[in-house]
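Asks: My structure is below; once you've seen it, I'll send some questions.
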Amino acid sequence: MNLKEKESRLFFHTYKRLPLEVERGEGCYLYTKDGKKYLDMFSGLAVNALGYAHPAIIKAVDEQVRKYTHLSNFFIQEPQIQLAERLLSLSGFDKIFFSNSGTEAIEGTIKLVRKWGKQNGKKAIFGMSNGFSGRTMGALSLMDKEKYREGYEPFLPDFGSIEFNSIDDLNAKVNELTAAIFLEFIQGEGGIVGVTKEFIEALSALREKYGFLIVADEIQSGIGRTGKLFGFQHFGIVPDIITVAKPIGGGLPVGAIIGSQKVADVWTYGVHGTTFGGNPVACAAGVATLDTVMTESFLKNIVDNADYFRAKVVEMKAKFPIIKEIRVYGYMIGIDLTVESSPIVEAILQKGVLVNSTANTVIRILPPLIAGKTEFDQFLSVFEDVLSSAR
């Protein structure tokens, strides 16, 4: 019985796995047991910020695992303190809570918002259409995608969805009872689509009028991926709460809720907690990740390389009408096609490059932040070959 057969026998059938048996990773590449080499251009869905086997991550994990791997949150732990200091200093926010994942950060934030809302006479919570918040019941309550929600009803009360970038829908639904609005400023699962300047201006004006909280979901777009610490920093507004996860642990599971002074005193001892959240090994890897990524030169490389890639795809668009649009926010990249993207993604895989299909027609590219022009050129060469064959 091979691994694929064992997987089918052992697991709930929730994942459509790629037909690869990975043996190891190095830099931006994965190596399979049959000796093949693959360029990974979606990096564990934006998790592996520094690629595979990065020396800074290995050093941090090795040093910490020799001290202790877990203490529980009854103990003050230096790796947690170090990561918290960095995130709060870089963001300018006031308080932090560590979780294990993005969906747990969302779930915890819902609790934080609910408690804040109870104190302020507000209860309605909104997500955005076409957004993705996670798989837990609270996260699903924020979303409108039936493929994720079907069969899990009923959802949490006093939740709703606002049409992304619709000022009319925003104005129609928000009022004095609104406690919070959750949004990805750049929708990842939704096809790498950014919020508009006009929508943000309207949202900001309504927050001023009604006093609700804005929650920035930075789980995919945070920690340097867009060339800034957070995606919202491209849009001229400061949220009240930030949720982060994915790249923050450099490949290890850790997430966080980062709160402004507005919510700093809402939680008190014992009202929220987690067994594994803020694992010291993951936090040590997070410190190494932030110290590597959050330098002026590193972030500039992301911006410069993204501009280079965008220009190359724009050139290709003139040659291949199948390319409808290219959307680039640093290393969050969506190539929107006039056809379904899955067959194109499969053909690219057969030529040794890993990308992702989302929103039906979009090729989603989330490279390791260490990727450079060499890796982008390799993808472009394969992509051009595939589009030429698809004519």
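Labeling convention for the structure tokens: chains A, B, ... as they appear, residues from 1 per chain, ligands from 1 in order of appearance.
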Using only C-alpha atoms, find each residue in range 271-347 of chain A having at least one atom no more than 6 Å away from range 50-74 of chain A; report its shortest atom-to-atom pair and that distance in Å (one decimal), rows by chain then rising number, as a tab-separated table.

Replies:
residue	atom	partner	partner_atom	distance
A:Val281	CA	A:Val61	CA	5.7
A:Ala284	CA	A:Ala60	CA	5.7
A:Ala285	CA	A:Ile57	CA	5.3
A:Ala288	CA	A:Ala56	CA	5.9

Asks: Residues near Thr109 in chain A, anyone? I mean within 12 Å using only C-alpha atoms, not counting same-chain ones fewer than 5 positions away, as a ChimeraX atom specification.

Replies: /A:96-99,102-104,114-117,125,133,138-139,142,179-182,213-217,240-244,255-259,263,266-267,272

Asks: At a cut-off of 7 Å, using only C-alpha atoms, what residues contact range 303-315 of chain A? Leave out same-chain residues fewer than 4 positions from it and give the result as a ChimeraX atom specification.

Replies: /A:227,299,328,330-331,372-373,376

Asks: With a distance cut-off of 10 Å and only C-alpha atoms, select the neighbouring residues of range 317-322 of chain A, excluding the residue or stretch itself and same-chain residues fewer than 6 positions from it, and output the selection as a VMD selection string.

Replies: chain A and resid 311 336 to 339 384 387 to 388 390 to 391

Asks: Counting only C-alpha atoms, what is within 9 Å of Phe185 in chain A, bar same-chain residues fewer than 4 positions away, as a VMD selection string?

Replies: chain A and resid 193 to 196 216 to 218 221 231 to 232 234 to 235

Asks: With C-alpha atoms retained, could you export that selection as a compact mmCIF listing (two decimals), in the first residue's frame?

Replies:
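Final output, saved to part.txt:
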# COMPACT_ATOMS: atom_id res chain seq x y z
CA VAL A 193 -8.42 41.71 -4.80
CA GLY A 194 -7.76 44.95 -2.92
CA VAL A 195 -10.21 47.21 -1.16
CA THR A 196 -10.91 50.49 -2.95
CA ALA A 216 -7.85 43.89 9.81
CA ASP A 217 -7.43 40.26 8.79
CA GLU A 218 -3.72 40.16 7.97
CA SER A 221 -1.11 39.56 3.86
CA GLY A 231 -1.47 45.03 4.04
CA PHE A 232 -3.72 47.70 5.53
CA HIS A 234 -1.22 50.56 1.82
CA PHE A 235 -4.71 52.01 2.31

Asks: From the options A:Val293, A:Ala282, A:Val362, A:Ala245, which residue's atoms come nearest to Leu45 in chain A, counting only C-alpha atoms?

Replies: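 Among A:Val293, A:Ala282, A:Val362, A:Ala245, it is A:Ala245 that comes nearest to Leu45 in chain A.
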
Asks: Would you please work out which residue, of A:Thr275, A:Leu39, A:Leu140, A:Phe379, is nearest to Phe75 in chain A when using only C-alpha atoms?

Replies: A:Thr275

Asks: Can you list, as JSON, numbers by chain, every residue of range 156-208 of chain A that DSSP puts in strand (DSSP E)?

Replies: {"A": [159, 160, 161, 162, 178, 179, 180, 181, 182, 183, 186, 187, 193, 194]}

Asks: Got time to write the residues from that selection, N, CA and C atoms, as a compact mmCIF listing (two decimals), in the first residue's frame?

Replies:
# COMPACT_ATOMS: atom_id res chain seq x y z
N PHE A 159 -24.66 38.20 13.08
CA PHE A 159 -23.58 38.26 12.10
C PHE A 159 -24.16 38.52 10.72
N GLY A 160 -23.38 39.18 9.87
CA GLY A 160 -23.80 39.41 8.51
C GLY A 160 -22.61 39.63 7.60
N SER A 161 -22.89 39.81 6.32
CA SER A 161 -21.84 40.02 5.33
C SER A 161 -22.16 41.26 4.52
N ILE A 162 -21.14 42.08 4.30
CA ILE A 162 -21.26 43.28 3.48
C ILE A 162 -20.58 43.02 2.14
N THR A 178 -23.71 48.42 15.37
CA THR A 178 -22.57 47.69 14.80
C THR A 178 -21.41 47.69 15.78
N ALA A 179 -20.93 46.47 16.09
CA ALA A 179 -19.79 46.32 17.01
C ALA A 179 -18.47 46.29 16.24
N ALA A 180 -18.45 45.58 15.10
CA ALA A 180 -17.17 45.45 14.37
C ALA A 180 -17.41 45.05 12.93
N ILE A 181 -16.45 45.44 12.10
CA ILE A 181 -16.39 44.99 10.71
C ILE A 181 -15.02 44.35 10.50
N PHE A 182 -15.05 43.09 10.06
CA PHE A 182 -13.84 42.34 9.75
C PHE A 182 -13.60 42.42 8.25
N LEU A 183 -12.36 42.68 7.84
CA LEU A 183 -12.08 42.62 6.42
C LEU A 183 -10.61 42.34 6.15
N ILE A 186 -6.70 43.05 1.46
CA ILE A 186 -6.41 42.38 0.19
C ILE A 186 -6.93 40.96 0.32
N GLN A 187 -7.98 40.64 -0.40
CA GLN A 187 -8.58 39.31 -0.29
C GLN A 187 -7.68 38.29 -0.99
N VAL A 193 -7.63 40.52 -4.46
CA VAL A 193 -8.42 41.71 -4.80
C VAL A 193 -8.33 42.70 -3.65
N GLY A 194 -7.93 43.93 -3.95
CA GLY A 194 -7.76 44.95 -2.92
C GLY A 194 -9.01 45.78 -2.70

Asks: One number please: CA of Asp94 in chain A to CA of Thr292 in chain A, in Å, one decimal.

Replies: 23.0 Å

Asks: Restricting the calculation to only C-alpha atoms, which member of A:Ile167, A:Ala371, A:Ala46, A:Val353 is positioned closest to Phe298 in chain A?

Replies: A:Ala371

Asks: What does the structure give for the distance between CA of Asn360 in chain A and CA of Gly251 in chain A, in Å to one decimal?

Replies: 27.0 Å

Asks: In Å, with one decimal, what is the gap from CA of Gly334 in chain A to CA of Ile363 in chain A?

Replies: 5.6 Å

Asks: May I have all residues of range 149-375 of chain A that DSSP, computed from the backbone, assigns to alpha helix (DSSP H), given as an MDAnalysis selection string?

Replies: chainID A and resid 149 167:173 197:210 280:293 296:319 342:350 373:375

Asks: How about saving the chosen residues, C-alpha atoms kept, as an mmCIF file, in the first residue's frame?

Replies:
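Written file, selection_32.cif:
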data_model
loop_
_atom_site.group_PDB
_atom_site.id
_atom_site.type_symbol
_atom_site.label_atom_id
_atom_site.label_comp_id
_atom_site.auth_asym_id
_atom_site.auth_seq_id
_atom_site.Cartn_x
_atom_site.Cartn_y
_atom_site.Cartn_z
ATOM 1 C CA ARG A 149 -20.888 27.095 4.970
ATOM 2 C CA ILE A 167 -20.426 51.646 -0.397
ATOM 3 C CA ASP A 168 -24.202 51.362 -0.821
ATOM 4 C CA ASP A 169 -24.315 48.019 0.994
ATOM 5 C CA LEU A 170 -21.976 49.320 3.684
ATOM 6 C CA ASN A 171 -24.214 52.341 4.323
ATOM 7 C CA ALA A 172 -27.348 50.204 4.316
ATOM 8 C CA LYS A 173 -26.152 47.747 6.949
ATOM 9 C CA LYS A 197 -9.922 53.925 -1.702
ATOM 10 C CA GLU A 198 -13.565 55.037 -1.829
ATOM 11 C CA PHE A 199 -14.732 52.089 0.278
ATOM 12 C CA ILE A 200 -12.075 52.752 2.920
ATOM 13 C CA GLU A 201 -13.026 56.433 3.071
ATOM 14 C CA ALA A 202 -16.676 55.486 3.593
ATOM 15 C CA LEU A 203 -15.737 52.877 6.214
ATOM 16 C CA SER A 204 -13.584 55.392 8.073
ATOM 17 C CA ALA A 205 -16.391 57.967 8.084
ATOM 18 C CA LEU A 206 -18.870 55.434 9.442
ATOM 19 C CA ARG A 207 -16.476 54.354 12.189
ATOM 20 C CA GLU A 208 -16.171 58.006 13.193
ATOM 21 C CA LYS A 209 -19.964 58.322 13.238
ATOM 22 C CA TYR A 210 -20.902 55.076 15.006
ATOM 23 C CA PRO A 280 8.006 28.927 22.718
ATOM 24 C CA VAL A 281 9.606 27.117 19.776
ATOM 25 C CA ALA A 282 7.181 28.737 17.340
ATOM 26 C CA CYS A 283 7.711 32.135 18.954
ATOM 27 C CA ALA A 284 11.493 31.751 18.707
ATOM 28 C CA ALA A 285 11.062 31.026 14.988
ATOM 29 C CA GLY A 286 8.786 34.065 14.780
ATOM 30 C CA VAL A 287 11.472 36.322 16.242
ATOM 31 C CA ALA A 288 13.948 35.027 13.662
ATOM 32 C CA THR A 289 11.417 35.593 10.880
ATOM 33 C CA LEU A 290 10.651 39.172 11.879
ATOM 34 C CA ASP A 291 14.328 40.035 12.387
ATOM 35 C CA THR A 292 15.077 38.764 8.878
ATOM 36 C CA VAL A 293 12.094 40.235 7.026
ATOM 37 C CA GLU A 296 14.497 48.193 4.777
ATOM 38 C CA SER A 297 16.596 46.302 2.244
ATOM 39 C CA PHE A 298 14.590 43.068 2.516
ATOM 40 C CA LEU A 299 11.263 44.839 2.041
ATOM 41 C CA LYS A 300 12.645 46.898 -0.847
ATOM 42 C CA ASN A 301 13.619 43.673 -2.632
ATOM 43 C CA ILE A 302 10.036 42.449 -2.343
ATOM 44 C CA VAL A 303 8.694 45.652 -3.896
ATOM 45 C CA ASP A 304 11.333 45.762 -6.660
ATOM 46 C CA ASN A 305 10.914 42.092 -7.587
ATOM 47 C CA ALA A 306 7.122 42.405 -7.584
ATOM 48 C CA ASP A 307 7.337 45.388 -9.952
ATOM 49 C CA TYR A 308 9.677 43.390 -12.205
ATOM 50 C CA PHE A 309 7.237 40.470 -12.267
ATOM 51 C CA ARG A 310 4.238 42.675 -12.955
ATOM 52 C CA ALA A 311 5.981 44.280 -15.952
ATOM 53 C CA LYS A 312 6.856 40.858 -17.389
ATOM 54 C CA VAL A 313 3.277 39.575 -17.092
ATOM 55 C CA VAL A 314 1.912 42.778 -18.634
ATOM 56 C CA GLU A 315 4.186 42.081 -21.626
ATOM 57 C CA MET A 316 2.876 38.516 -21.804
ATOM 58 C CA LYS A 317 -0.729 39.760 -21.657
ATOM 59 C CA ALA A 318 -0.283 41.422 -25.041
ATOM 60 C CA LYS A 319 0.770 38.066 -26.467
ATOM 61 C CA SER A 342 -7.099 24.834 -12.454
ATOM 62 C CA PRO A 343 -5.997 23.179 -15.734
ATOM 63 C CA ILE A 344 -3.305 25.824 -16.212
ATOM 64 C CA VAL A 345 -2.079 25.309 -12.645
ATOM 65 C CA GLU A 346 -1.951 21.548 -13.244
ATOM 66 C CA ALA A 347 0.057 22.024 -16.442
ATOM 67 C CA ILE A 348 2.474 24.311 -14.593
ATOM 68 C CA LEU A 349 2.882 21.629 -11.905
ATOM 69 C CA GLN A 350 3.815 19.089 -14.564
ATOM 70 C CA LYS A 373 14.167 37.425 -10.070
ATOM 71 C CA THR A 374 15.683 33.980 -10.789
ATOM 72 C CA GLU A 375 12.636 32.242 -9.321
#

Asks: My list of candidates is A:Arg86, A:Asn175, A:Phe212, A:Ala105. Which is closest to Leu229 in chain A when distances are computed with only C-alpha atoms?

Replies: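 Nearest candidate to Leu229 in chain A out of A:Arg86, A:Asn175, A:Phe212, A:Ala105: A:Arg86.
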
Asks: From the list A:Ser129, A:Asp158, A:Ile365, A:Tyr38, which residue is nearest Glu146 in chain A when using only C-alpha atoms?

Replies: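 Answer, going by the shortest atom-to-atom distance: A:Ser129.
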
Asks: For a quick check of understanding, using only C-alpha atoms, which of A:Leu10, A:Leu369, A:Val47, A:Ile333 has the smallest distance to Pro253 in chain A?

Replies: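 The shortest atom-to-atom distance to Pro253 in chain A comes from A:Val47.
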